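S.K.: My structure is in data29.tsv, and what it holds is TSV, N, CA and C atoms:
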chain	number	residue	atom	x	y	z
M	1	MET	N	14.50	-23.35	-58.75
M	1	MET	CA	13.66	-24.20	-59.60
M	1	MET	C	12.20	-23.85	-59.28
M	2	ASN	N	11.47	-23.33	-60.28
M	2	ASN	CA	10.06	-23.03	-60.03
M	2	ASN	C	9.21	-24.29	-60.15
M	3	VAL	N	8.00	-24.22	-59.62
M	3	VAL	CA	7.14	-25.41	-59.54
M	3	VAL	C	6.90	-26.02	-60.92
M	4	GLU	N	6.74	-25.18	-61.94
M	4	GLU	CA	6.46	-25.69	-63.29
M	4	GLU	C	7.60	-26.55	-63.83
M	5	SER	N	8.83	-26.25	-63.43
M	5	SER	CA	9.97	-27.00	-63.94
M	5	SER	C	10.38	-28.16	-63.02
M	6	GLN	N	9.74	-28.27	-61.89
M	6	GLN	CA	10.07	-29.35	-60.96
M	6	GLN	C	9.41	-30.65	-61.41
M	7	PRO	N	10.15	-31.76	-61.36
M	7	PRO	CA	9.52	-33.06	-61.65
M	7	PRO	C	8.47	-33.38	-60.58
M	8	LEU	N	7.40	-34.02	-61.00
M	8	LEU	CA	6.36	-34.42	-60.06
M	8	LEU	C	6.85	-35.58	-59.20
M	9	VAL	N	6.63	-35.48	-57.91
M	9	VAL	CA	6.99	-36.53	-56.96
M	9	VAL	C	5.70	-37.06	-56.34
M	10	SER	N	5.57	-38.36	-56.30
M	10	SER	CA	4.45	-39.00	-55.59
M	10	SER	C	4.95	-39.44	-54.23
M	11	VAL	N	4.28	-38.97	-53.20
M	11	VAL	CA	4.57	-39.41	-51.84
M	11	VAL	C	3.45	-40.36	-51.46
M	12	VAL	N	3.80	-41.53	-50.95
M	12	VAL	CA	2.78	-42.51	-50.59
M	12	VAL	C	2.94	-42.91	-49.12
M	13	THR	N	1.79	-43.03	-48.47
M	13	THR	CA	1.76	-43.49	-47.08
M	13	THR	C	0.69	-44.56	-46.95
M	14	PRO	N	1.10	-45.83	-46.88
M	14	PRO	CA	0.16	-46.90	-46.56
M	14	PRO	C	-0.12	-46.84	-45.05
M	15	VAL	N	-1.38	-47.00	-44.66
M	15	VAL	CA	-1.77	-46.81	-43.26
M	15	VAL	C	-2.60	-47.98	-42.75
M	16	TYR	N	-2.28	-48.41	-41.55
M	16	TYR	CA	-3.15	-49.32	-40.81
M	16	TYR	C	-3.02	-48.99	-39.33
M	17	ASN	N	-4.08	-48.46	-38.75
M	17	ASN	CA	-4.15	-48.16	-37.32
M	17	ASN	C	-2.96	-47.36	-36.81
M	18	MET	N	-2.72	-46.24	-37.45
M	18	MET	CA	-1.62	-45.35	-37.05
M	18	MET	C	-2.13	-43.97	-36.68
M	19	GLY	N	-3.36	-43.89	-36.22
M	19	GLY	CA	-3.98	-42.61	-35.91
M	19	GLY	C	-3.19	-41.75	-34.94
M	20	SER	N	-2.50	-42.37	-34.00
M	20	SER	CA	-1.76	-41.57	-33.02
M	20	SER	C	-0.50	-40.93	-33.62
M	21	PHE	N	-0.08	-41.36	-34.79
M	21	PHE	CA	1.11	-40.81	-35.45
M	21	PHE	C	0.80	-40.07	-36.75
M	22	LEU	N	-0.34	-40.35	-37.33
M	22	LEU	CA	-0.61	-39.95	-38.72
M	22	LEU	C	-0.62	-38.44	-38.94
M	23	SER	N	-1.17	-37.68	-38.04
M	23	SER	CA	-1.19	-36.22	-38.24
M	23	SER	C	0.22	-35.65	-38.36
M	24	GLU	N	1.12	-36.09	-37.49
M	24	GLU	CA	2.50	-35.61	-37.54
M	24	GLU	C	3.16	-36.02	-38.86
M	25	CYS	N	2.88	-37.21	-39.33
M	25	CYS	CA	3.40	-37.68	-40.61
M	25	CYS	C	2.91	-36.80	-41.75
M	26	ILE	N	1.61	-36.61	-41.81
M	26	ILE	CA	1.01	-35.82	-42.89
M	26	ILE	C	1.52	-34.38	-42.85
M	27	GLU	N	1.56	-33.80	-41.66
M	27	GLU	CA	2.05	-32.42	-41.52
M	27	GLU	C	3.47	-32.29	-42.05
M	28	SER	N	4.31	-33.29	-41.80
M	28	SER	CA	5.70	-33.22	-42.28
M	28	SER	C	5.76	-33.26	-43.80
M	29	VAL	N	4.89	-34.02	-44.41
M	29	VAL	CA	4.86	-34.08	-45.87
M	29	VAL	C	4.35	-32.75	-46.45
M	30	LEU	N	3.29	-32.24	-45.88
M	30	LEU	CA	2.71	-30.99	-46.39
M	30	LEU	C	3.61	-29.78	-46.16
M	31	ALA	N	4.56	-29.89	-45.25
M	31	ALA	CA	5.48	-28.78	-44.95
M	31	ALA	C	6.72	-28.77	-45.84
M	32	GLN	N	6.75	-29.58	-46.86
M	32	GLN	CA	7.93	-29.67	-47.72
M	32	GLN	C	8.22	-28.34	-48.43
M	33	THR	N	9.50	-28.02	-48.55
M	33	THR	CA	9.90	-26.85	-49.31
M	33	THR	C	9.74	-27.10	-50.81
M	34	TYR	N	9.81	-28.35	-51.21
M	34	TYR	CA	9.54	-28.77	-52.59
M	34	TYR	C	8.03	-28.82	-52.75
M	35	LYS	N	7.48	-28.17	-53.76
M	35	LYS	CA	6.03	-28.01	-53.86
M	35	LYS	C	5.33	-28.90	-54.88
M	36	ASN	N	6.05	-29.45	-55.85
M	36	ASN	CA	5.39	-30.21	-56.90
M	36	ASN	C	5.31	-31.70	-56.53
M	37	PHE	N	4.37	-31.98	-55.65
M	37	PHE	CA	4.16	-33.38	-55.26
M	37	PHE	C	2.68	-33.66	-55.09
M	38	GLU	N	2.36	-34.93	-55.21
M	38	GLU	CA	1.04	-35.43	-54.84
M	38	GLU	C	1.24	-36.33	-53.64
M	39	TYR	N	0.22	-36.44	-52.82
M	39	TYR	CA	0.35	-37.23	-51.60
M	39	TYR	C	-0.79	-38.23	-51.54
M	40	ILE	N	-0.44	-39.50	-51.61
M	40	ILE	CA	-1.42	-40.58	-51.65
M	40	ILE	C	-1.37	-41.34	-50.33
M	41	ILE	N	-2.49	-41.38	-49.66
M	41	ILE	CA	-2.61	-42.11	-48.39
M	41	ILE	C	-3.57	-43.26	-48.64
M	42	VAL	N	-3.12	-44.48	-48.35
M	42	VAL	CA	-3.96	-45.66	-48.55
M	42	VAL	C	-4.26	-46.28	-47.20
M	43	ASN	N	-5.52	-46.17	-46.80
M	43	ASN	CA	-5.96	-46.73	-45.53
M	43	ASN	C	-6.39	-48.18	-45.70
M	44	ASN	N	-5.82	-49.05	-44.89
M	44	ASN	CA	-6.06	-50.48	-44.99
M	44	ASN	C	-7.07	-50.94	-43.94
M	45	CYS	N	-8.28	-50.39	-44.03
M	45	CYS	CA	-9.38	-50.79	-43.14
M	45	CYS	C	-9.04	-50.58	-41.66
M	46	SER	N	-8.41	-49.47	-41.35
M	46	SER	CA	-8.05	-49.18	-39.96
M	46	SER	C	-9.30	-49.15	-39.08
M	47	THR	N	-9.12	-49.58	-37.84
M	47	THR	CA	-10.23	-49.57	-36.88
M	47	THR	C	-10.10	-48.41	-35.90
M	48	ASP	N	-9.06	-47.60	-36.06
M	48	ASP	CA	-8.91	-46.40	-35.23
M	48	ASP	C	-9.34	-45.18	-36.06
M	49	ASP	N	-8.84	-44.01	-35.75
M	49	ASP	CA	-9.26	-42.79	-36.45
M	49	ASP	C	-8.35	-42.43	-37.63
M	50	SER	N	-7.57	-43.37	-38.13
M	50	SER	CA	-6.67	-43.10	-39.25
M	50	SER	C	-7.39	-42.54	-40.47
M	51	LEU	N	-8.48	-43.17	-40.86
M	51	LEU	CA	-9.21	-42.73	-42.05
M	51	LEU	C	-9.74	-41.32	-41.86
M	52	GLU	N	-10.32	-41.03	-40.72
M	52	GLU	CA	-10.88	-39.70	-40.47
M	52	GLU	C	-9.79	-38.63	-40.51
M	53	ILE	N	-8.64	-38.95	-39.95
M	53	ILE	CA	-7.52	-38.01	-39.98
M	53	ILE	C	-7.09	-37.75	-41.41
M	54	ALA	N	-6.90	-38.81	-42.18
M	54	ALA	CA	-6.47	-38.66	-43.57
M	54	ALA	C	-7.49	-37.85	-44.38
M	55	LEU	N	-8.75	-38.15	-44.21
M	55	LEU	CA	-9.79	-37.44	-44.95
M	55	LEU	C	-9.85	-35.96	-44.58
M	56	SER	N	-9.55	-35.65	-43.33
M	56	SER	CA	-9.57	-34.24	-42.92
M	56	SER	C	-8.48	-33.45	-43.66
M	57	TYR	N	-7.34	-34.07	-43.92
M	57	TYR	CA	-6.27	-33.41	-44.68
M	57	TYR	C	-6.61	-33.35	-46.17
M	58	GLU	N	-7.28	-34.36	-46.66
M	58	GLU	CA	-7.69	-34.35	-48.07
M	58	GLU	C	-8.61	-33.16	-48.34
M	59	LYS	N	-9.46	-32.83	-47.38
M	59	LYS	CA	-10.37	-31.69	-47.54
M	59	LYS	C	-9.63	-30.36	-47.55
M	60	LYS	N	-8.48	-30.30	-46.87
M	60	LYS	CA	-7.73	-29.05	-46.72
M	60	LYS	C	-6.69	-28.81	-47.80
M	61	ASP	N	-6.22	-29.86	-48.45
M	61	ASP	CA	-5.10	-29.71	-49.38
M	61	ASP	C	-5.34	-30.57	-50.62
M	62	SER	N	-5.39	-29.94	-51.76
M	62	SER	CA	-5.71	-30.64	-53.01
M	62	SER	C	-4.64	-31.64	-53.44
M	63	ARG	N	-3.45	-31.56	-52.85
M	63	ARG	CA	-2.40	-32.53	-53.19
M	63	ARG	C	-2.62	-33.88	-52.53
M	64	VAL	N	-3.48	-33.92	-51.52
M	64	VAL	CA	-3.73	-35.14	-50.76
M	64	VAL	C	-4.88	-35.91	-51.38
M	65	ARG	N	-4.62	-37.20	-51.62
M	65	ARG	CA	-5.67	-38.10	-52.10
M	65	ARG	C	-5.70	-39.31	-51.18
M	66	VAL	N	-6.89	-39.66	-50.72
M	66	VAL	CA	-7.04	-40.78	-49.79
M	66	VAL	C	-7.79	-41.90	-50.50
M	67	HIS	N	-7.26	-43.09	-50.35
M	67	HIS	CA	-7.95	-44.29	-50.82
M	67	HIS	C	-8.20	-45.17	-49.61
M	68	ASN	N	-9.41	-45.67	-49.49
M	68	ASN	CA	-9.78	-46.57	-48.40
M	68	ASN	C	-10.06	-47.96	-48.98
M	69	ASN	N	-9.24	-48.94	-48.62
M	69	ASN	CA	-9.44	-50.29	-49.14
M	69	ASN	C	-10.80	-50.84	-48.71
M	70	GLU	N	-11.42	-51.57	-49.60
M	70	GLU	CA	-12.71	-52.19	-49.28
M	70	GLU	C	-12.55	-53.37	-48.34
M	71	LYS	N	-11.39	-54.04	-48.42
M	71	LYS	CA	-11.12	-55.17	-47.53
M	71	LYS	C	-9.68	-55.09	-47.06
M	72	PHE	N	-9.42	-55.66	-45.90
M	72	PHE	CA	-8.08	-55.67	-45.35
M	72	PHE	C	-7.17	-56.54	-46.21
M	73	VAL	N	-5.97	-56.04	-46.47
M	73	VAL	CA	-4.98	-56.77	-47.26
M	73	VAL	C	-3.67	-56.80	-46.50
M	74	GLY	N	-2.75	-57.62	-46.94
M	74	GLY	CA	-1.44	-57.69	-46.31
M	74	GLY	C	-0.63	-56.43	-46.56
M	75	VAL	N	0.46	-56.30	-45.83
M	75	VAL	CA	1.31	-55.10	-45.91
M	75	VAL	C	1.82	-54.86	-47.33
M	76	ILE	N	2.34	-55.90	-47.96
M	76	ILE	CA	2.90	-55.75	-49.31
M	76	ILE	C	1.81	-55.34	-50.29
M	77	GLU	N	0.66	-55.98	-50.21
M	77	GLU	CA	-0.44	-55.63	-51.12
M	77	GLU	C	-0.90	-54.19	-50.89
M	78	ASN	N	-0.93	-53.75	-49.63
M	78	ASN	CA	-1.32	-52.37	-49.36
M	78	ASN	C	-0.32	-51.39	-49.98
M	79	HIS	N	0.97	-51.71	-49.91
M	79	HIS	CA	1.97	-50.88	-50.57
M	79	HIS	C	1.75	-50.89	-52.09
M	80	ASN	N	1.47	-52.06	-52.64
M	80	ASN	CA	1.25	-52.15	-54.09
M	80	ASN	C	0.02	-51.35	-54.51
M	81	ILE	N	-1.01	-51.34	-53.68
M	81	ILE	CA	-2.19	-50.51	-53.97
M	81	ILE	C	-1.78	-49.04	-53.98
M	82	ALA	N	-0.98	-48.65	-53.02
M	82	ALA	CA	-0.50	-47.25	-52.97
M	82	ALA	C	0.29	-46.92	-54.23
M	83	PHE	N	1.20	-47.80	-54.63
M	83	PHE	CA	2.00	-47.55	-55.84
M	83	PHE	C	1.12	-47.48	-57.09
M	84	SER	N	0.06	-48.25	-57.12
M	84	SER	CA	-0.81	-48.26	-58.30
M	84	SER	C	-1.59	-46.95	-58.45
M	85	ARG	N	-1.64	-46.15	-57.41
M	85	ARG	CA	-2.37	-44.88	-57.44
M	85	ARG	C	-1.49	-43.69	-57.79
M	86	ILE	N	-0.21	-43.95	-58.01
M	86	ILE	CA	0.71	-42.88	-58.38
M	86	ILE	C	0.37	-42.36	-59.77
M	87	SER	N	0.45	-41.06	-59.93
M	87	SER	CA	0.21	-40.44	-61.24
M	87	SER	C	1.23	-40.93	-62.26
M	88	PRO	N	0.79	-41.21	-63.48
M	88	PRO	CA	1.75	-41.59	-64.54
M	88	PRO	C	2.75	-40.48	-64.83
M	89	ALA	N	2.42	-39.25	-64.47
M	89	ALA	CA	3.32	-38.11	-64.71
M	89	ALA	C	4.43	-38.01	-63.67
M	90	ALA	N	4.35	-38.78	-62.60
M	90	ALA	CA	5.35	-38.70	-61.53
M	90	ALA	C	6.68	-39.28	-62.00
M	91	LYS	N	7.74	-38.56	-61.70
M	91	LYS	CA	9.08	-39.02	-62.04
M	91	LYS	C	9.71	-39.77	-60.87
M	92	TYR	N	9.35	-39.39	-59.65
M	92	TYR	CA	9.92	-39.99	-58.45
M	92	TYR	C	8.83	-40.36	-57.47
M	93	CYS	N	9.18	-41.29	-56.59
M	93	CYS	CA	8.27	-41.72	-55.53
M	93	CYS	C	9.01	-41.72	-54.20
M	94	LYS	N	8.35	-41.24	-53.18
M	94	LYS	CA	8.89	-41.26	-51.82
M	94	LYS	C	7.88	-41.94	-50.93
M	95	ILE	N	8.31	-43.00	-50.25
M	95	ILE	CA	7.45	-43.68	-49.27
M	95	ILE	C	7.70	-43.05	-47.91
M	96	VAL	N	6.63	-42.69	-47.23
M	96	VAL	CA	6.73	-42.20	-45.86
M	96	VAL	C	5.79	-43.05	-45.02
M	97	SER	N	6.36	-43.85	-44.15
M	97	SER	CA	5.54	-44.70	-43.28
M	97	SER	C	4.69	-43.84	-42.36
M	98	ALA	N	3.52	-44.33	-42.02
M	98	ALA	CA	2.55	-43.55	-41.27
M	98	ALA	C	3.01	-43.18	-39.87
M	99	ASP	N	3.99	-43.88	-39.34
M	99	ASP	CA	4.51	-43.55	-38.01
M	99	ASP	C	5.86	-42.83	-38.09
M	100	ASP	N	6.17	-42.26	-39.27
M	100	ASP	CA	7.40	-41.51	-39.48
M	100	ASP	C	7.07	-40.07	-39.84
M	101	TRP	N	8.10	-39.25	-39.91
M	101	TRP	CA	7.98	-37.89	-40.44
M	101	TRP	C	9.26	-37.59	-41.19
M	102	ILE	N	9.20	-36.59	-42.06
M	102	ILE	CA	10.37	-36.23	-42.85
M	102	ILE	C	10.70	-34.76	-42.65
M	103	PHE	N	11.99	-34.44	-42.76
M	103	PHE	CA	12.44	-33.05	-42.67
M	103	PHE	C	11.86	-32.25	-43.82
M	104	ALA	N	11.71	-30.95	-43.62
M	104	ALA	CA	11.07	-30.07	-44.60
M	104	ALA	C	11.77	-30.05	-45.95
M	105	ASP	N	13.06	-30.31	-45.99
M	105	ASP	CA	13.77	-30.29	-47.27
M	105	ASP	C	14.06	-31.70	-47.81
M	106	CYS	N	13.42	-32.68	-47.28
M	106	CYS	CA	13.66	-34.08	-47.69
M	106	CYS	C	13.43	-34.29	-49.18
M	107	ILE	N	12.27	-33.92	-49.67
M	107	ILE	CA	11.96	-34.17	-51.08
M	107	ILE	C	12.82	-33.31	-51.98
M	108	LEU	N	13.05	-32.06	-51.61
M	108	LEU	CA	13.92	-31.19	-52.39
M	108	LEU	C	15.30	-31.81	-52.56
M	109	ARG	N	15.89	-32.25	-51.48
M	109	ARG	CA	17.22	-32.86	-51.55
M	109	ARG	C	17.21	-34.16	-52.35
M	110	MET	N	16.15	-34.95	-52.19
M	110	MET	CA	16.04	-36.20	-52.94
M	110	MET	C	16.01	-35.92	-54.44
M	111	VAL	N	15.18	-34.95	-54.85
M	111	VAL	CA	15.07	-34.62	-56.27
M	111	VAL	C	16.35	-34.00	-56.80
M	112	GLU	N	16.94	-33.07	-56.07
M	112	GLU	CA	18.19	-32.46	-56.52
M	112	GLU	C	19.27	-33.52	-56.73
M	113	PHE	N	19.39	-34.44	-55.79
M	113	PHE	CA	20.40	-35.50	-55.93
M	113	PHE	C	20.11	-36.38	-57.14
M	114	ALA	N	18.85	-36.77	-57.31
M	114	ALA	CA	18.50	-37.63	-58.43
M	114	ALA	C	18.72	-36.92	-59.77
M	115	GLU	N	18.34	-35.66	-59.83
M	115	GLU	CA	18.50	-34.91	-61.09
M	115	GLU	C	19.98	-34.67	-61.41
M	116	ASP	N	20.80	-34.51	-60.39
M	116	ASP	CA	22.24	-34.28	-60.61
M	116	ASP	C	23.01	-35.57	-60.87
M	117	ASN	N	22.38	-36.72	-60.61
M	117	ASN	CA	23.09	-38.00	-60.71
M	117	ASN	C	22.24	-39.03	-61.46
M	118	SER	N	21.93	-38.71	-62.70
M	118	SER	CA	21.07	-39.61	-63.47
M	118	SER	C	21.74	-40.95	-63.69
Please lay out the structure from this file as structure tokens.

M.R.:
Amino acid sequence: MNVESQPLVSVVTPVYNMGSFLSECIESVLAQTYKNFEYIIVNNCSTDDSLEIALSYEKKDSRVRVHNNEKFVGVIENHNIAFSRISPAAKYCKIVSADDWIFADCILRMVEFAEDNS
């Protein structure tokens, strides 16, 4: 499946004070074998280096978009903010918590399964 024929996947990571884990999380998303994705990171007014880490990846990879909340919100609202930033062209969404990482073929397998089992 070439990139042009792959459905767009939105990967979202809501973040609050996860600087010690965030680089590993982001690296795992960017290492995906599936290439047609956007990556939305929503920082919820972190007081650690989470925002700086996220912004450093945004500068390096055009698929990464960082949103920094103007005020601290609850967990559910932060997730909803992340979902609201998903491209209308996205067919699928994958949530990756900021203290998690995913295997390199995670999105590929997710999309293949979904496409084969409508």

S.K.: Quick one: pull the distance between atom N of Pro14 (chain M) and CA of Tyr92 (chain M), Å, one decimal.

M.R.: 15.7 Å

S.K.: Considering only strand (DSSP E) as DSSP defines it on the backbone, what residues of region 3-118 of chain M qualify? List them as a list in words.

M.R.: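 Filtering region 3-118 of chain M to strand (DSSP E) leaves Val9, Ser10, Val11, Val12, Thr13, Pro14, Val15, Phe37, Glu38, Tyr39, Ile40, Ile41, Val42, Asn43, Val64, Arg65, Val66, His67, Asn68, Tyr92, Cys93, Lys94 and Ile95 of chain M.
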
S.K.: Could you list, as an MDAnalysis selection string, every residue within 6 Å of region 23-26 of chain M, counting all atoms listed in the file and ignoring same-chain residues fewer than 6 positions away?

M.R.: chainID M and resid 98 100:101

S.K.: What does the distance from atom C of Arg85 (chain M) to CA of Ser62 (chain M) come to in Å, to one decimal?

M.R.: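 Atom-to-atom, atom C of Arg85 (chain M) and CA of Ser62 (chain M) are spaced 14.5 Å apart.
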
S.K.: Would you please work out which residue, of M:Val64, M:Pro7, M:Cys45, M:Ser87, is nearest to Leu30 (chain M) when using only C-alpha atoms?

M.R.: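 Nearest candidate to Leu30 (chain M) out of M:Val64, M:Pro7, M:Cys45, M:Ser87: M:Val64.
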
S.K.: I'd like the contact shell of Arg63 (chain M) - 7 Å cut-off, only C-alpha atoms, skipping same-chain residues fewer than 4 positions apart - returned as number ranges by chain.

M.R.: M: 37-39

S.K.: Could you write out the selected residues, including N, CA and C atoms, as a CSV table (one decimal), in the coordinates of the input?

M.R.:
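So the final result, stored in out_18.csv, reads:
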chain,number,residue,atom,x,y,z
M,37,PHE,N,4.4,-32.0,-55.6
M,37,PHE,CA,4.2,-33.4,-55.3
M,37,PHE,C,2.7,-33.7,-55.1
M,38,GLU,N,2.4,-34.9,-55.2
M,38,GLU,CA,1.0,-35.4,-54.8
M,38,GLU,C,1.2,-36.3,-53.6
M,39,TYR,N,0.2,-36.4,-52.8
M,39,TYR,CA,0.4,-37.2,-51.6
M,39,TYR,C,-0.8,-38.2,-51.5

S.K.: To one decimal place in Å, what is the distance between CA of Ser118 (chain M) and CA of Ile86 (chain M)?

M.R.: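 Calculated distance between CA of Ser118 (chain M) and CA of Ile86 (chain M) is 21.2 Å.
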
S.K.: I'd like to know which of M:Ile76, M:Met18, M:Val96, M:Val111 is closest to Asp48 (chain M), using all atoms listed in the file.

M.R.: M:Met18

S.K.: Quick one: pick out all alpha helix (DSSP H) residues within chain M from a backbone DSSP run and write them as a ChimeraX atom specification.

M.R.: /M:19-30,50-60,75-84,106-116

S.K.: Out of M:Leu8, M:Glu112, M:Lys94, M:Lys60, which residue has the shortest atom-to-atom distance to Asn36 (chain M) when counting only N, CA and C atoms?

M.R.: M:Leu8

S.K.: Taking only C-alpha atoms into account, which of M:Ser97, M:Ser56, M:Ser50, M:Ser20 comes nearest His79 (chain M)?

M.R.: M:Ser97

S.K.: Can you pull out every residue within 8 Å of Asn68 (chain M), counting only C-alpha atoms, but drop anything in the same chain fewer than 2 positions away, and send it as a short mmCIF file (atom, residue, chain, number, x, y, z; two decimals) with N, CA and C atoms, keeping the file's coordinate frame?

M.R.:
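This is the output file around-v6.cif:
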data_model
loop_
_atom_site.label_atom_id
_atom_site.label_comp_id
_atom_site.auth_asym_id
_atom_site.auth_seq_id
_atom_site.Cartn_x
_atom_site.Cartn_y
_atom_site.Cartn_z
N VAL M 42 -3.12 -44.48 -48.35
CA VAL M 42 -3.96 -45.66 -48.55
C VAL M 42 -4.26 -46.28 -47.20
N ASN M 43 -5.52 -46.17 -46.80
CA ASN M 43 -5.96 -46.73 -45.53
C ASN M 43 -6.39 -48.18 -45.70
N ASN M 44 -5.82 -49.05 -44.89
CA ASN M 44 -6.06 -50.48 -44.99
C ASN M 44 -7.07 -50.94 -43.94
N CYS M 45 -8.28 -50.39 -44.03
CA CYS M 45 -9.38 -50.79 -43.14
C CYS M 45 -9.04 -50.58 -41.66
N LEU M 51 -8.48 -43.17 -40.86
CA LEU M 51 -9.21 -42.73 -42.05
C LEU M 51 -9.74 -41.32 -41.86
N VAL M 66 -6.89 -39.66 -50.72
CA VAL M 66 -7.04 -40.78 -49.79
C VAL M 66 -7.79 -41.90 -50.50
N GLU M 70 -11.42 -51.57 -49.60
CA GLU M 70 -12.71 -52.19 -49.28
C GLU M 70 -12.55 -53.37 -48.34
#

S.K.: Hey, which of M:Leu55, M:Ser46, M:Lys35, M:Ile95 ends up closest to Phe72 (chain M)? Count only N, CA and C atoms.

M.R.: M:Ser46
